[in-house]
$ cat entry11.txt   # compact mmCIF, N, CA and C atoms
# COMPACT_ATOMS: atom_id res chain seq x y z
N MET B 1 -7.11 -14.03 -4.88
CA MET B 1 -6.34 -12.80 -5.04
C MET B 1 -6.05 -12.23 -3.66
N ILE B 2 -4.81 -11.80 -3.46
CA ILE B 2 -4.41 -11.11 -2.24
C ILE B 2 -4.29 -9.63 -2.58
N TYR B 3 -4.86 -8.80 -1.74
CA TYR B 3 -4.84 -7.35 -1.95
C TYR B 3 -3.92 -6.70 -0.93
N THR B 4 -3.33 -5.59 -1.33
CA THR B 4 -2.64 -4.72 -0.39
C THR B 4 -3.10 -3.29 -0.65
N LEU B 5 -3.28 -2.55 0.40
CA LEU B 5 -3.84 -1.20 0.30
C LEU B 5 -2.73 -0.17 0.28
N ASP B 6 -2.79 0.75 -0.67
CA ASP B 6 -1.85 1.85 -0.74
C ASP B 6 -2.27 2.91 0.28
N THR B 7 -1.32 3.69 0.70
CA THR B 7 -1.56 4.73 1.70
C THR B 7 -2.67 5.68 1.28
N ASN B 8 -2.69 6.07 0.01
CA ASN B 8 -3.65 7.08 -0.44
C ASN B 8 -5.10 6.61 -0.29
N VAL B 9 -5.33 5.32 -0.40
CA VAL B 9 -6.69 4.78 -0.24
C VAL B 9 -7.12 4.89 1.22
N LEU B 10 -6.22 4.61 2.12
CA LEU B 10 -6.54 4.67 3.55
C LEU B 10 -6.71 6.12 4.01
N VAL B 11 -5.87 7.01 3.52
CA VAL B 11 -5.99 8.42 3.88
C VAL B 11 -7.32 8.99 3.38
N ALA B 12 -7.69 8.63 2.16
CA ALA B 12 -8.98 9.10 1.62
C ALA B 12 -10.13 8.60 2.50
N ALA B 13 -10.03 7.36 2.97
CA ALA B 13 -11.08 6.80 3.83
C ALA B 13 -11.14 7.52 5.17
N LEU B 14 -10.01 7.95 5.67
CA LEU B 14 -9.99 8.67 6.94
C LEU B 14 -10.56 10.08 6.80
N ARG B 15 -10.47 10.65 5.62
CA ARG B 15 -10.89 12.04 5.40
C ARG B 15 -12.30 12.19 4.83
N GLN B 16 -12.82 11.13 4.19
CA GLN B 16 -14.10 11.24 3.51
C GLN B 16 -15.02 10.10 3.94
N PRO B 17 -16.12 10.41 4.60
CA PRO B 17 -17.03 9.36 5.08
C PRO B 17 -17.48 8.39 3.99
N ALA B 18 -17.73 8.88 2.79
CA ALA B 18 -18.18 7.99 1.71
C ALA B 18 -17.08 6.98 1.34
N GLU B 19 -15.82 7.44 1.36
CA GLU B 19 -14.70 6.52 1.06
C GLU B 19 -14.50 5.52 2.20
N LEU B 20 -14.74 5.95 3.42
CA LEU B 20 -14.66 5.03 4.55
C LEU B 20 -15.70 3.93 4.40
N ASP B 21 -16.89 4.30 3.99
CA ASP B 21 -17.95 3.30 3.76
C ASP B 21 -17.54 2.33 2.66
N ARG B 22 -16.95 2.84 1.59
CA ARG B 22 -16.50 1.96 0.49
C ARG B 22 -15.39 1.02 0.97
N LEU B 23 -14.46 1.55 1.78
CA LEU B 23 -13.39 0.71 2.33
C LEU B 23 -13.97 -0.38 3.22
N LYS B 24 -14.90 -0.02 4.08
CA LYS B 24 -15.52 -1.01 4.97
C LYS B 24 -16.25 -2.09 4.18
N THR B 25 -16.96 -1.69 3.13
CA THR B 25 -17.65 -2.67 2.28
C THR B 25 -16.65 -3.61 1.63
N PHE B 26 -15.58 -3.07 1.10
CA PHE B 26 -14.53 -3.88 0.50
C PHE B 26 -13.94 -4.85 1.52
N LEU B 27 -13.58 -4.33 2.69
CA LEU B 27 -12.95 -5.19 3.71
C LEU B 27 -13.92 -6.20 4.29
N SER B 28 -15.24 -5.95 4.19
CA SER B 28 -16.21 -6.91 4.72
C SER B 28 -16.07 -8.27 4.04
N TRP B 29 -15.61 -8.29 2.80
CA TRP B 29 -15.40 -9.58 2.13
C TRP B 29 -13.92 -9.85 1.84
N ALA B 30 -13.10 -8.80 1.71
CA ALA B 30 -11.71 -9.00 1.29
C ALA B 30 -10.71 -9.03 2.44
N LEU B 31 -11.13 -8.72 3.65
CA LEU B 31 -10.17 -8.65 4.76
C LEU B 31 -9.33 -9.92 4.92
N PRO B 32 -9.92 -11.11 4.82
CA PRO B 32 -9.07 -12.31 4.95
C PRO B 32 -8.01 -12.43 3.87
N SER B 33 -8.16 -11.68 2.78
CA SER B 33 -7.21 -11.72 1.66
C SER B 33 -6.49 -10.39 1.50
N THR B 34 -6.35 -9.64 2.59
CA THR B 34 -5.73 -8.33 2.52
C THR B 34 -4.55 -8.25 3.49
N VAL B 35 -3.44 -7.71 2.98
CA VAL B 35 -2.25 -7.49 3.79
C VAL B 35 -1.86 -6.02 3.68
N LEU B 36 -1.02 -5.58 4.60
CA LEU B 36 -0.47 -4.23 4.53
C LEU B 36 1.04 -4.34 4.41
N SER B 37 1.60 -3.49 3.61
CA SER B 37 3.05 -3.38 3.54
C SER B 37 3.52 -2.53 4.71
N SER B 38 4.68 -2.85 5.24
CA SER B 38 5.25 -2.02 6.30
C SER B 38 5.54 -0.61 5.78
N ILE B 39 5.68 -0.46 4.46
CA ILE B 39 5.86 0.86 3.86
C ILE B 39 4.63 1.72 4.15
N VAL B 40 3.45 1.15 3.92
CA VAL B 40 2.20 1.87 4.15
C VAL B 40 2.04 2.16 5.65
N ALA B 41 2.37 1.20 6.49
CA ALA B 41 2.29 1.42 7.94
C ALA B 41 3.19 2.58 8.35
N ALA B 42 4.38 2.66 7.78
CA ALA B 42 5.30 3.76 8.10
C ALA B 42 4.77 5.09 7.60
N GLU B 43 4.24 5.12 6.38
CA GLU B 43 3.69 6.38 5.85
C GLU B 43 2.52 6.86 6.68
N LEU B 44 1.64 5.95 7.07
CA LEU B 44 0.50 6.34 7.89
C LEU B 44 0.95 6.85 9.26
N THR B 45 1.91 6.17 9.86
CA THR B 45 2.43 6.58 11.16
C THR B 45 3.09 7.95 11.08
N ALA B 46 3.83 8.19 10.00
CA ALA B 46 4.47 9.50 9.82
C ALA B 46 3.43 10.61 9.70
N GLY B 47 2.27 10.29 9.13
CA GLY B 47 1.22 11.29 8.96
C GLY B 47 0.37 11.51 10.20
N ALA B 48 0.47 10.63 11.17
CA ALA B 48 -0.29 10.77 12.43
C ALA B 48 0.49 11.72 13.34
N ARG B 49 0.12 12.97 13.33
CA ARG B 49 0.92 14.02 13.96
C ARG B 49 0.75 14.14 15.48
N THR B 50 -0.32 13.59 16.02
CA THR B 50 -0.54 13.71 17.47
C THR B 50 -0.55 12.32 18.10
N ALA B 51 -0.35 12.30 19.40
CA ALA B 51 -0.39 11.02 20.13
C ALA B 51 -1.77 10.38 19.99
N LYS B 52 -2.81 11.18 20.01
CA LYS B 52 -4.17 10.65 19.86
C LYS B 52 -4.35 10.01 18.48
N ALA B 53 -3.87 10.69 17.44
CA ALA B 53 -3.98 10.15 16.07
C ALA B 53 -3.18 8.85 15.93
N ARG B 54 -2.00 8.80 16.53
CA ARG B 54 -1.19 7.57 16.47
C ARG B 54 -1.86 6.42 17.20
N ARG B 55 -2.46 6.70 18.37
CA ARG B 55 -3.18 5.65 19.11
C ARG B 55 -4.35 5.12 18.30
N LEU B 56 -5.12 6.02 17.71
CA LEU B 56 -6.26 5.63 16.89
C LEU B 56 -5.79 4.79 15.70
N LEU B 57 -4.75 5.23 15.03
CA LEU B 57 -4.20 4.48 13.90
C LEU B 57 -3.76 3.10 14.34
N ASP B 58 -3.01 3.04 15.44
CA ASP B 58 -2.53 1.75 15.93
C ASP B 58 -3.68 0.84 16.32
N ASP B 59 -4.62 1.36 17.11
CA ASP B 59 -5.72 0.53 17.63
C ASP B 59 -6.69 0.09 16.53
N ALA B 60 -7.07 1.03 15.66
CA ALA B 60 -8.13 0.75 14.70
C ALA B 60 -7.65 0.06 13.43
N LEU B 61 -6.41 0.29 13.04
CA LEU B 61 -5.98 -0.25 11.76
C LEU B 61 -4.76 -1.16 11.86
N LEU B 62 -3.68 -0.65 12.41
CA LEU B 62 -2.43 -1.41 12.35
C LEU B 62 -2.41 -2.63 13.28
N ALA B 63 -2.87 -2.47 14.51
CA ALA B 63 -2.80 -3.59 15.46
C ALA B 63 -3.54 -4.83 14.98
N PRO B 64 -4.76 -4.70 14.44
CA PRO B 64 -5.42 -5.92 13.95
C PRO B 64 -4.64 -6.63 12.83
N PHE B 65 -4.05 -5.88 11.93
CA PHE B 65 -3.23 -6.50 10.87
C PHE B 65 -1.96 -7.12 11.47
N GLU B 66 -1.37 -6.41 12.42
CA GLU B 66 -0.13 -6.91 13.02
C GLU B 66 -0.37 -8.19 13.83
N ARG B 67 -1.46 -8.23 14.60
CA ARG B 67 -1.77 -9.44 15.38
C ARG B 67 -1.91 -10.67 14.50
N ARG B 68 -2.38 -10.46 13.30
CA ARG B 68 -2.59 -11.58 12.37
C ARG B 68 -1.38 -11.84 11.47
N GLY B 69 -0.30 -11.13 11.72
CA GLY B 69 0.90 -11.31 10.91
C GLY B 69 0.73 -10.82 9.49
N ARG B 70 -0.08 -9.78 9.30
CA ARG B 70 -0.37 -9.29 7.95
C ARG B 70 0.20 -7.92 7.64
N ILE B 71 1.21 -7.51 8.40
CA ILE B 71 2.01 -6.35 8.00
C ILE B 71 3.36 -6.92 7.63
N LEU B 72 3.71 -6.79 6.36
CA LEU B 72 4.90 -7.45 5.83
C LEU B 72 5.89 -6.45 5.27
N ALA B 73 7.16 -6.69 5.57
CA ALA B 73 8.23 -5.81 5.10
C ALA B 73 8.75 -6.30 3.75
N PRO B 74 9.21 -5.38 2.91
CA PRO B 74 9.82 -5.79 1.64
C PRO B 74 11.08 -6.61 1.88
N SER B 75 11.30 -7.55 1.01
CA SER B 75 12.49 -8.40 1.10
C SER B 75 13.70 -7.66 0.53
N SER B 76 14.86 -8.19 0.77
CA SER B 76 16.08 -7.63 0.18
C SER B 76 16.00 -7.62 -1.35
N PRO B 77 15.55 -8.71 -1.99
CA PRO B 77 15.42 -8.65 -3.46
C PRO B 77 14.43 -7.57 -3.94
N ALA B 78 13.35 -7.34 -3.19
CA ALA B 78 12.41 -6.28 -3.57
C ALA B 78 13.09 -4.91 -3.50
N TRP B 79 13.90 -4.71 -2.48
CA TRP B 79 14.65 -3.45 -2.36
C TRP B 79 15.60 -3.28 -3.55
N ARG B 80 16.29 -4.35 -3.89
CA ARG B 80 17.25 -4.27 -5.01
C ARG B 80 16.53 -4.01 -6.33
N ARG B 81 15.41 -4.72 -6.56
CA ARG B 81 14.64 -4.48 -7.79
C ARG B 81 14.10 -3.06 -7.82
N GLY B 82 13.65 -2.58 -6.67
CA GLY B 82 13.19 -1.20 -6.60
C GLY B 82 14.29 -0.22 -6.94
N GLY B 83 15.49 -0.46 -6.44
CA GLY B 83 16.63 0.40 -6.79
C GLY B 83 16.92 0.38 -8.27
N ALA B 84 16.81 -0.80 -8.87
CA ALA B 84 17.06 -0.92 -10.32
C ALA B 84 16.00 -0.14 -11.10
N VAL B 85 14.75 -0.21 -10.68
CA VAL B 85 13.68 0.53 -11.35
C VAL B 85 13.96 2.03 -11.23
N LEU B 86 14.32 2.48 -10.04
CA LEU B 86 14.61 3.90 -9.85
C LEU B 86 15.80 4.34 -10.70
N ALA B 87 16.79 3.49 -10.81
CA ALA B 87 17.96 3.83 -11.63
C ALA B 87 17.58 3.98 -13.10
N ARG B 88 16.68 3.13 -13.57
CA ARG B 88 16.26 3.19 -14.98
C ARG B 88 15.35 4.38 -15.27
N THR B 89 14.55 4.78 -14.29
CA THR B 89 13.53 5.80 -14.55
C THR B 89 13.82 7.13 -13.88
N GLY B 90 14.78 7.16 -12.97
CA GLY B 90 15.03 8.37 -12.19
C GLY B 90 15.88 9.38 -12.91
N THR B 91 15.94 10.54 -12.30
CA THR B 91 16.75 11.62 -12.85
C THR B 91 17.78 12.07 -11.83
N GLY B 92 18.24 11.17 -11.00
CA GLY B 92 19.19 11.54 -9.95
C GLY B 92 18.55 11.34 -8.59
N SER B 93 18.27 12.45 -7.90
CA SER B 93 17.66 12.32 -6.58
C SER B 93 16.21 11.87 -6.72
N VAL B 94 15.77 11.10 -5.75
CA VAL B 94 14.43 10.51 -5.78
C VAL B 94 13.72 10.89 -4.49
N SER B 95 12.45 11.31 -4.60
CA SER B 95 11.69 11.64 -3.41
C SER B 95 11.36 10.37 -2.63
N ALA B 96 11.13 10.55 -1.35
CA ALA B 96 10.75 9.42 -0.51
C ALA B 96 9.44 8.81 -0.99
N SER B 97 8.52 9.65 -1.43
CA SER B 97 7.24 9.16 -1.92
C SER B 97 7.43 8.27 -3.15
N ARG B 98 8.25 8.70 -4.08
CA ARG B 98 8.52 7.91 -5.29
C ARG B 98 9.20 6.60 -4.93
N GLN B 99 10.18 6.66 -4.03
CA GLN B 99 10.85 5.43 -3.61
C GLN B 99 9.86 4.48 -2.97
N ASN B 100 8.98 4.99 -2.13
CA ASN B 100 7.99 4.13 -1.48
C ASN B 100 7.05 3.50 -2.49
N ASP B 101 6.63 4.27 -3.49
CA ASP B 101 5.75 3.72 -4.54
C ASP B 101 6.44 2.57 -5.28
N VAL B 102 7.69 2.80 -5.66
CA VAL B 102 8.43 1.77 -6.40
C VAL B 102 8.66 0.55 -5.52
N LEU B 103 9.00 0.77 -4.27
CA LEU B 103 9.22 -0.36 -3.36
C LEU B 103 7.93 -1.14 -3.12
N LEU B 104 6.82 -0.44 -2.96
CA LEU B 104 5.53 -1.13 -2.81
C LEU B 104 5.23 -1.96 -4.06
N ALA B 105 5.51 -1.39 -5.22
CA ALA B 105 5.28 -2.11 -6.48
C ALA B 105 6.13 -3.37 -6.57
N THR B 106 7.40 -3.28 -6.21
CA THR B 106 8.26 -4.47 -6.31
C THR B 106 7.89 -5.51 -5.25
N GLN B 107 7.51 -5.05 -4.07
CA GLN B 107 7.06 -5.98 -3.04
C GLN B 107 5.78 -6.68 -3.47
N ALA B 108 4.82 -5.92 -3.97
CA ALA B 108 3.55 -6.50 -4.41
C ALA B 108 3.78 -7.51 -5.54
N ARG B 109 4.61 -7.15 -6.48
CA ARG B 109 4.90 -8.06 -7.59
C ARG B 109 5.53 -9.36 -7.09
N GLU B 110 6.46 -9.23 -6.17
CA GLU B 110 7.15 -10.40 -5.62
C GLU B 110 6.17 -11.40 -4.99
N HIS B 111 5.15 -10.87 -4.33
CA HIS B 111 4.18 -11.73 -3.64
C HIS B 111 2.93 -12.02 -4.45
N GLY B 112 2.78 -11.37 -5.60
CA GLY B 112 1.59 -11.56 -6.42
C GLY B 112 0.37 -10.83 -5.90
N TRP B 113 0.58 -9.77 -5.11
CA TRP B 113 -0.52 -9.00 -4.56
C TRP B 113 -1.04 -8.01 -5.61
N ALA B 114 -2.31 -7.68 -5.52
CA ALA B 114 -2.89 -6.59 -6.30
C ALA B 114 -2.90 -5.35 -5.41
N VAL B 115 -2.34 -4.24 -5.90
CA VAL B 115 -2.29 -3.00 -5.14
C VAL B 115 -3.57 -2.20 -5.39
N VAL B 116 -4.30 -1.94 -4.31
CA VAL B 116 -5.49 -1.11 -4.38
C VAL B 116 -5.03 0.32 -4.15
N THR B 117 -5.16 1.16 -5.19
CA THR B 117 -4.59 2.51 -5.12
C THR B 117 -5.36 3.51 -5.95
N ARG B 118 -5.16 4.78 -5.61
CA ARG B 118 -5.64 5.90 -6.41
C ARG B 118 -4.47 6.56 -7.13
N ASP B 119 -3.28 6.11 -6.87
CA ASP B 119 -2.05 6.72 -7.36
C ASP B 119 -1.86 6.45 -8.85
N SER B 120 -1.79 7.49 -9.64
CA SER B 120 -1.62 7.31 -11.08
C SER B 120 -0.22 6.82 -11.44
N ASP B 121 0.75 6.98 -10.53
CA ASP B 121 2.11 6.50 -10.80
C ASP B 121 2.21 4.98 -10.76
N LEU B 122 1.44 4.33 -9.91
CA LEU B 122 1.57 2.87 -9.82
C LEU B 122 1.15 2.16 -11.10
N PRO B 123 0.03 2.51 -11.73
CA PRO B 123 -0.26 1.85 -13.00
C PRO B 123 0.84 2.08 -14.04
N MET B 124 1.46 3.25 -14.03
CA MET B 124 2.53 3.53 -14.98
C MET B 124 3.77 2.68 -14.69
N LEU B 125 3.92 2.24 -13.45
CA LEU B 125 5.07 1.40 -13.09
C LEU B 125 4.97 -0.01 -13.67
N ARG B 126 3.79 -0.38 -14.16
CA ARG B 126 3.64 -1.72 -14.75
C ARG B 126 4.65 -1.98 -15.85
N ALA B 127 5.03 -0.95 -16.59
CA ALA B 127 6.01 -1.11 -17.65
C ALA B 127 7.39 -1.43 -17.08
N GLN B 128 7.65 -0.97 -15.86
CA GLN B 128 8.95 -1.21 -15.22
C GLN B 128 8.96 -2.43 -14.31
N VAL B 129 7.80 -2.79 -13.77
CA VAL B 129 7.68 -3.92 -12.84
C VAL B 129 6.74 -4.92 -13.49
N SER B 130 7.30 -5.79 -14.28
CA SER B 130 6.53 -6.76 -15.05
C SER B 130 5.65 -7.61 -14.14
N GLY B 131 4.37 -7.70 -14.50
CA GLY B 131 3.44 -8.53 -13.74
C GLY B 131 2.78 -7.82 -12.58
N LEU B 132 3.07 -6.55 -12.37
CA LEU B 132 2.45 -5.79 -11.29
C LEU B 132 0.94 -5.68 -11.55
N GLN B 133 0.15 -5.99 -10.52
CA GLN B 133 -1.30 -5.88 -10.60
C GLN B 133 -1.75 -4.65 -9.81
N VAL B 134 -2.46 -3.76 -10.46
CA VAL B 134 -2.95 -2.54 -9.83
C VAL B 134 -4.44 -2.46 -10.08
N VAL B 135 -5.21 -2.20 -9.01
CA VAL B 135 -6.65 -2.06 -9.15
C VAL B 135 -7.10 -0.76 -8.49
N ALA B 136 -8.12 -0.16 -9.07
CA ALA B 136 -8.69 1.06 -8.50
C ALA B 136 -9.56 0.70 -7.30
N PRO B 137 -9.68 1.62 -6.36
CA PRO B 137 -10.56 1.35 -5.23
C PRO B 137 -12.00 1.31 -5.69
N PHE B 138 -12.76 0.51 -5.25
CA PHE B 138 -12.47 -0.73 -4.55
C PHE B 138 -13.01 -1.85 -5.41
N PRO B 139 -12.21 -2.89 -5.63
CA PRO B 139 -12.69 -3.98 -6.50
C PRO B 139 -13.94 -4.63 -5.92
N GLU B 140 -14.75 -5.11 -6.82
CA GLU B 140 -15.98 -5.81 -6.42
C GLU B 140 -15.63 -7.24 -6.03
N ARG B 141 -16.49 -7.79 -5.25
CA ARG B 141 -16.31 -9.19 -4.84
C ARG B 141 -16.33 -10.09 -6.08
N PRO B 142 -15.33 -10.97 -6.20
CA PRO B 142 -15.30 -11.85 -7.39
C PRO B 142 -16.45 -12.84 -7.41
$ encode --input "entry11.txt" --output "structure tokens"
Amino acid sequence: MIYTLDTNVLVAALRQPAELDRLKTFLSWALPSTVLSSIVAAELTAGARTAKARRLLDDALLAPFERRGRILAPSSPAWRRGGAVLARTGTGSVSASRQNDVLLATQAREHGWAVVTRDSDLPMLRAQVSGLQVVAPFPERP
């Protein structure tokens, strides 16, 4: 199984020591099977409001994934599928957060990744993104 981490899981780990410990335990065995979406990298970078926070984010989290080629951008078909999902479920204008959730879901489905998330919207997207795998933080070692 390949895992991808949603932004909310990483933010919780940055804010709560107990969640950071859970993330570290998970990554101690799952890191070789974990990728990050460029969507999550962008959301985290947008939330890093100071130069110090951006450096810490880059050095501690993003750079190691990037060096290993494990930050991946959604494909053109994932973007198109995401647009189709938004068209079916949307009410006109769509928030950036909703678009990012849908795009992460279509990207994860395309690659067969399981999304590790706290977001209640992603499990609901399973009806719109057939085959989407969503797991709560943090799955146990198989």
$ closest_atom_pairs --input "entry11.txt" --of "stretch 82-133 of chain B" --to "stretch 28-47 of chain B" --cutoff "8 Å" --atoms "only N, CA and C atoms" --output "JSON lines"
{"residue": "B:Asn100", "atom": "CA", "partner": "B:Ile39", "partner_atom": "CA", "distance": 6.6}
{"residue": "B:Leu103", "atom": "C", "partner": "B:Ile39", "partner_atom": "CA", "distance": 7.6}
{"residue": "B:Leu104", "atom": "CA", "partner": "B:Ile39", "partner_atom": "CA", "distance": 7.0}
$ closest_residue --input "entry11.txt" --among "B:Val85, B:Ala51, B:Ala73, B:Ala114" --to "B:Val129" --atoms "all atoms listed in the file"
B:Val85
$ select_by_dssp --input "entry11.txt" --residues "chain B" --states "helix (DSSP H, G or I)" --output "ChimeraX atom specification"
/B:7-15,17-33,38-47,51-67,76-89,96-111,121-125
$ residues_near_point --input "entry11.txt" --point "(-16.5, 1.6, -4.5)" --cutoff "6 Å" --atoms "all atoms listed in the file" --output "PyMOL selection string"
chain B and resi 22+137-138
$ atom_distance --input "entry11.txt" --atom1 "atom CA of B:Ala87" --atom2 "atom C of B:Thr4"
24.8 Å
$ residues_around --input "entry11.txt" --residues "B:Pro123" --least-positions-apart "5" --cutoff "8 Å" --atoms "all atoms listed in the file" --output "list in words"
Thr117, Arg118, Gln128, Leu132, Gln133, Val134 and Val135 of chain B
$ closest_residue --input "entry11.txt" --among "B:Leu20, B:Leu72, B:Asp6, B:Ala136" --to "B:Ala105" --atoms "only C-alpha atoms"
B:Asp6
$ atom_distance --input "entry11.txt" --atom1 "atom CA of B:Pro142" --atom2 "atom N of B:Pro64"
25.3 Å
$ atom_distance --input "entry11.txt" --atom1 "atom CA of B:Leu125" --atom2 "atom CA of B:Leu86"
10.4 Å
$ axis_aligned_box --input "entry11.txt" --around "stretch 100-116 of chain B" --padding-each-side "5 Å" --output "JSON"
{"center_x": 1.9, "center_y": -3.5, "center_z": -4.5, "size_x": 24.7, "size_y": 27.0, "size_z": 16.1}
$ closest_residue --input "entry11.txt" --among "B:Arg49, B:Ile71, B:Val94, B:Val102" --to "B:Asp121" --atoms "all atoms listed in the file"
B:Val102
$ select_by_dssp --input "entry11.txt" --residues "stretch 2-137 of chain B" --states "strand (DSSP E or B)" --output "list in words"
Tyr3, Thr4, Leu5, Thr34, Val35, Leu36, Ser37, Ile71, Leu72, Ala114, Val115, Val116, Gln133, Val134 and Val135 of chain B
$ write_last_selection --input "entry11.txt" --atoms "N, CA and C atoms" --output "PDB file, in the frame of the given file"
ATOM      1  N   TYR B   3      -4.860  -8.800  -1.740  1.00  0.00           N
ATOM      2  CA  TYR B   3      -4.840  -7.350  -1.950  1.00  0.00           C
ATOM      3  C   TYR B   3      -3.920  -6.700  -0.930  1.00  0.00           C
ATOM      4  N   THR B   4      -3.330  -5.590  -1.330  1.00  0.00           N
ATOM      5  CA  THR B   4      -2.640  -4.720  -0.390  1.00  0.00           C
ATOM      6  C   THR B   4      -3.100  -3.290  -0.650  1.00  0.00           C
ATOM      7  N   LEU B   5      -3.280  -2.550   0.400  1.00  0.00           N
ATOM      8  CA  LEU B   5      -3.840  -1.200   0.300  1.00  0.00           C
ATOM      9  C   LEU B   5      -2.730  -0.170   0.280  1.00  0.00           C
ATOM     10  N   THR B  34      -6.350  -9.640   2.590  1.00  0.00           N
ATOM     11  CA  THR B  34      -5.730  -8.330   2.520  1.00  0.00           C
ATOM     12  C   THR B  34      -4.550  -8.250   3.490  1.00  0.00           C
ATOM     13  N   VAL B  35      -3.440  -7.710   2.980  1.00  0.00           N
ATOM     14  CA  VAL B  35      -2.250  -7.490   3.790  1.00  0.00           C
ATOM     15  C   VAL B  35      -1.860  -6.020   3.680  1.00  0.00           C
ATOM     16  N   LEU B  36      -1.020  -5.580   4.600  1.00  0.00           N
ATOM     17  CA  LEU B  36      -0.470  -4.230   4.530  1.00  0.00           C
ATOM     18  C   LEU B  36       1.040  -4.340   4.410  1.00  0.00           C
ATOM     19  N   SER B  37       1.600  -3.490   3.610  1.00  0.00           N
ATOM     20  CA  SER B  37       3.050  -3.380   3.540  1.00  0.00           C
ATOM     21  C   SER B  37       3.520  -2.530   4.710  1.00  0.00           C
ATOM     22  N   ILE B  71       1.210  -7.510   8.400  1.00  0.00           N
ATOM     23  CA  ILE B  71       2.010  -6.350   8.000  1.00  0.00           C
ATOM     24  C   ILE B  71       3.360  -6.920   7.630  1.00  0.00           C
ATOM     25  N   LEU B  72       3.710  -6.790   6.360  1.00  0.00           N
ATOM     26  CA  LEU B  72       4.900  -7.450   5.830  1.00  0.00           C
ATOM     27  C   LEU B  72       5.890  -6.450   5.270  1.00  0.00           C
ATOM     28  N   ALA B 114      -2.310  -7.680  -5.520  1.00  0.00           N
ATOM     29  CA  ALA B 114      -2.890  -6.590  -6.300  1.00  0.00           C
ATOM     30  C   ALA B 114      -2.900  -5.350  -5.410  1.00  0.00           C
ATOM     31  N   VAL B 115      -2.340  -4.240  -5.900  1.00  0.00           N
ATOM     32  CA  VAL B 115      -2.290  -3.000  -5.140  1.00  0.00           C
ATOM     33  C   VAL B 115      -3.570  -2.200  -5.390  1.00  0.00           C
ATOM     34  N   VAL B 116      -4.300  -1.940  -4.310  1.00  0.00           N
ATOM     35  CA  VAL B 116      -5.490  -1.110  -4.380  1.00  0.00           C
ATOM     36  C   VAL B 116      -5.030   0.320  -4.150  1.00  0.00           C
ATOM     37  N   GLN B 133       0.150  -5.990 -10.520  1.00  0.00           N
ATOM     38  CA  GLN B 133      -1.300  -5.880 -10.600  1.00  0.00           C
ATOM     39  C   GLN B 133      -1.750  -4.650  -9.810  1.00  0.00           C
ATOM     40  N   VAL B 134      -2.460  -3.760 -10.460  1.00  0.00           N
ATOM     41  CA  VAL B 134      -2.950  -2.540  -9.830  1.00  0.00           C
ATOM     42  C   VAL B 134      -4.440  -2.460 -10.080  1.00  0.00           C
ATOM     43  N   VAL B 135      -5.210  -2.200  -9.010  1.00  0.00           N
ATOM     44  CA  VAL B 135      -6.650  -2.060  -9.150  1.00  0.00           C
ATOM     45  C   VAL B 135      -7.100  -0.760  -8.490  1.00  0.00           C
TER      46      VAL B 135
END
$ closest_residue --input "entry11.txt" --among "B:Pro139, B:Pro74, B:Gly69, B:Gly90" --to "B:His111" --atoms "only C-alpha atoms"
B:Pro74
$ closest_residue --input "entry11.txt" --among "B:Phe26, B:Thr7, B:Glu110, B:Ala127" --to "B:Thr89" --atoms "only C-alpha atoms"
B:Ala127
$ decode --input "entry11.txt" --residues "stretch 3-36 of chain B" --atoms "C-alpha atoms" --output "PDB file, in the first residue's frame"
ATOM      1  CA  TYR B   3       0.063   6.272   1.473  1.00  0.00           C
ATOM      2  CA  THR B   4      -0.268   9.992   0.926  1.00  0.00           C
ATOM      3  CA  LEU B   5      -0.727  12.436   3.773  1.00  0.00           C
ATOM      4  CA  ASP B   6      -3.430  15.092   3.721  1.00  0.00           C
ATOM      5  CA  THR B   7      -2.547  18.580   4.899  1.00  0.00           C
ATOM      6  CA  ASN B   8      -4.751  18.365   7.994  1.00  0.00           C
ATOM      7  CA  VAL B   9      -2.786  15.397   9.355  1.00  0.00           C
ATOM      8  CA  LEU B  10       0.508  17.243   9.035  1.00  0.00           C
ATOM      9  CA  VAL B  11      -0.865  20.466  10.520  1.00  0.00           C
ATOM     10  CA  ALA B  12      -2.238  18.537  13.507  1.00  0.00           C
ATOM     11  CA  ALA B  13       1.203  16.966  13.996  1.00  0.00           C
ATOM     12  CA  LEU B  14       2.847  20.389  13.939  1.00  0.00           C
ATOM     13  CA  ARG B  15       0.410  21.754  16.534  1.00  0.00           C
ATOM     14  CA  GLN B  16       0.012  18.808  18.912  1.00  0.00           C
ATOM     15  CA  PRO B  17       2.972  16.882  20.350  1.00  0.00           C
ATOM     16  CA  ALA B  18       0.919  13.679  20.734  1.00  0.00           C
ATOM     17  CA  GLU B  19      -0.050  13.802  17.035  1.00  0.00           C
ATOM     18  CA  LEU B  20       3.569  14.412  16.081  1.00  0.00           C
ATOM     19  CA  ASP B  21       4.521  11.280  18.000  1.00  0.00           C
ATOM     20  CA  ARG B  22       1.797   9.307  16.183  1.00  0.00           C
ATOM     21  CA  LEU B  23       3.005  10.643  12.816  1.00  0.00           C
ATOM     22  CA  LYS B  24       6.609   9.711  13.617  1.00  0.00           C
ATOM     23  CA  THR B  25       5.541   6.204  14.663  1.00  0.00           C
ATOM     24  CA  PHE B  26       3.581   5.794  11.435  1.00  0.00           C
ATOM     25  CA  LEU B  27       6.448   7.098   9.288  1.00  0.00           C
ATOM     26  CA  SER B  28       8.953   4.858  11.113  1.00  0.00           C
ATOM     27  CA  TRP B  29       7.540   1.942   9.120  1.00  0.00           C
ATOM     28  CA  ALA B  30       5.517   3.593   6.324  1.00  0.00           C
ATOM     29  CA  LEU B  31       7.952   6.237   5.065  1.00  0.00           C
ATOM     30  CA  PRO B  32       9.275   4.076   2.200  1.00  0.00           C
ATOM     31  CA  SER B  33       5.639   3.728   1.053  1.00  0.00           C
ATOM     32  CA  THR B  34       4.602   7.350   1.542  1.00  0.00           C
ATOM     33  CA  VAL B  35       4.369  10.141  -1.018  1.00  0.00           C
ATOM     34  CA  LEU B  36       3.196  13.733  -0.847  1.00  0.00           C
TER      35      LEU B  36
END
